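Peer 1: Please find one structure pasted underneath; my questions will follow.
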Amino acid sequence: MADEVSIDKATFHNRLSAFISQWKQDKRNGDTLFAGASSIAIVMGKSDESQGFTKTSAMQFWLLGYEFPSTVFVITQDSMHIVTTKKKAAYLEPLKDGKTPVEILVRGKDAAENAKQFERCLEVIKNAGKKVGVVSKDPSNGPFIKEWKDQFEAIAKDVEEVDITPAISGALSIKDEKELRAIRDASRASSGIMANYFVDQMSGILDEEKKMSHKALSQKVSDKIEDDKFFQKLKVSSGFDPAQLDWSISPVVQSGGKYDLKLSAEADDSNLHAGVILSTLGLRYLSYCSIISRTYLVDPNKSQESAYKLLLAVHDSILKNMKEGMVAKDVYAKAIALIKSKKPELEKNFVKSVGYGIGIETRDSSFPMNGKNNQTLRDGMTFSITTGFHDIENPNPQDNKSKTYSLLLTDTVRVGSTEGLVFTKDAPSDLESTSFFFKDDEDEPEKAKPKPKKDSRVGAVAKGNITSTRLRSERSTQPNEEKEAQRKDHQRELHSKKQQQGQLQRRCWQLDSFGAQT
């Protein structure tokens, strides 16, 4: 751990106090989240990057801003006790004098003394009551975890372990201003690399008829994270530090009839195909995640455009309903109702969940946006909202790889007081911005160029004194035939001009800057 580690004492005590307050409130309301726990033990073993962020590491990052391997937090409603190594203890020392009393127990090389520290924690747990809250599915392991579990056996017959994973999710779900700024900046960086790098690379490959695999293109986008100058040009926010970026979701490009809409999808060795192209990526900034997915249509037919328009309408409906007081299952139900009213045959192709909570964890499975979740949305919560149709049959396939296709949109969104507010707005998703036309259609009459239209459903905020700005007016999700022809003609004209220069110019309307100013 670097010597420049500095823990924000005010943030630590404010968040710890808020957590304990929620705990006390839950006890008065029937112990629905904390399961009747009278104490809480958060135990972190050895660090393992392959596991990603767990509830235990998320709790540590939330309180401390860092991950502290081989560390125990024992929390009661009156105090906190921490067991850790000497070096880490030095960073924690300033936390002692605060709203909640903090005791720091330092481990060393003396096994007997180390055992006494665990005994001290177990005594606190036993004296607090008969139930201790734990993260039941925590994958942490290593000698430290084994030692803790072995000693816990001494009180196991007197103290019941109860799962408080939902309580931790609840505590971390409503973001403060600092957290919202981090998610906003991560989202701006993600949408910037999607709109200003991926699209250029993709269109260049197609225009020049190059052969590049999904895996190679995905890796090329992934490597762009090392280009600090690129992110500085995005002007994400004042004081933005590209060195603090990391991938929360590595770039994944898919095309050619084989699609996986899960976050766990991986790019394969097939070459990029000029048809329906899906791109997903997510950057993490200061430990907070973002996700964005976009669908790009190359020479789409009427049926594909119609299906994509429906996807936009469904996505828009969900974003409008991501507001204070809405129940998760009702948001999903409204999306299904819209599909049934427009294209009922596509209901079977729709995703089973339209998102999850997002923050320190890329995907908080405790808060799914599906048809069964009765949890209520609160202002300040953040979600990755995903709408998609998988394996749609193409009635007029352009080639053998276009017989079936999938559509996908993901945005990182904050729940607002009246509607959802989109952080990943800088990569437009409207049909005009995401369609590419290579083939000429001599039968279509020449039409006047359309004026650029702005998208709806875009905005971004942090919280408190961070201002929010709606920047786009309502867009029509069903433009008429004349406007469709105009759009296609204009795309072809741009394509023709850029072919003379050896490039395909993508059609992408730039949006105004938005949201919280730092």
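Residue names in the structure tokens use chain letters A, B, ... in the order shown, residue numbers from 1 in each chain, and ligand numbers from 1 in the order shown.
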Give me, as a tab-separated table, the closest atom pair and its distance (Å, one decimal) for every residue of region 244-336 of chain A within a cut-off of 10 Å of region 62-81 of chain A, counting only C-alpha atoms, rows sorted by chain and rising number.

Peer 2:
residue	atom	partner	partner_atom	distance
A:Leu286	CA	A:Gly65	CA	8.4
A:Ser287	CA	A:Gly65	CA	8.0
A:Tyr288	CA	A:Trp62	CA	9.9

Peer 1: Using N, CA and C atoms, can you export the residues from the last selection as a compact mmCIF listing (two decimals), in the first residue's frame?

Peer 2:
# COMPACT_ATOMS: atom_id res chain seq x y z
N LEU A 286 -11.99 6.26 -9.52
CA LEU A 286 -11.95 6.38 -8.06
C LEU A 286 -12.82 5.31 -7.41
N SER A 287 -12.71 4.10 -7.94
CA SER A 287 -13.38 2.90 -7.42
C SER A 287 -14.85 2.80 -7.81
N TYR A 288 -15.42 3.77 -8.53
CA TYR A 288 -16.84 3.74 -8.89
C TYR A 288 -17.02 3.44 -10.37

Peer 1: What lies within 10 Å of region 345-347 of chain A using only C-alpha atoms, ignoring chain neighbours under 6 positions off, as a ChimeraX atom specification?

Peer 2: /A:307,310,335-339,389-393

Peer 1: Give me the residues within 6 Å of region 244-255 of chain A as number ranges by chain, counting only C-alpha atoms and dropping any in the same chain fewer than 5 places off.

Peer 2: A: 214, 218, 222, 266-267, 273, 276-286

Peer 1: Contacts of Ile125 (chain A) at 10 Å or less, counting only C-alpha atoms, minus same-chain residues fewer than 6 places along, as number ranges by chain?

Peer 2: A: 38-41, 74-76, 119, 131-133, 155, 159

Peer 1: Applying 7 Å and only C-alpha atoms, which residues near region 370-380 of chain A remain after dropping the ones on its own chain fewer than 3 positions away? List them as a ChimeraX atom specification.

Peer 2: /A:174-175,323-329,332-333,352-354,414-417

Peer 1: Of the candidates A:Pro428, A:Pro143, A:Gly52, A:Gly108, which shows the shortest atom-to-atom distance to Lys87 (chain A), using only C-alpha atoms?

Peer 2: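 Looking at the shortest contact to Lys87 (chain A), the residue is A:Gly108.
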
Peer 1: Given the choices A:Glu419, A:Ala37, A:Phe350, A:Lys302, which gets closest to Glu160 (chain A) if the distance is worked out from only C-alpha atoms?

Peer 2: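 Closest to Glu160 (chain A) of all the choices is A:Ala37.
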
Peer 1: Which residue gives the smallest distance to Gln304 (chain A) among A:Leu431, A:Met44, A:Leu33, A:Val83, with only C-alpha atoms counted?

Peer 2: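 The shortest atom-to-atom distance to Gln304 (chain A) comes from A:Leu431.
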
Peer 1: From the DSSP assignment of the backbone, select every residue of region 92-310 of chain A that is helix (DSSP H, G or I), and format the answer as a ChimeraX atom specification.

Peer 2: /A:92-95,111-128,143-152,165-173,177-207,214-226,228-233,242-244,302-310

Peer 1: How many Å lie between CA of Gly388 (chain A) and CA of Ser169 (chain A), rounded to one decimal?

Peer 2: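 Interatomic distance here is 25.6 Å.
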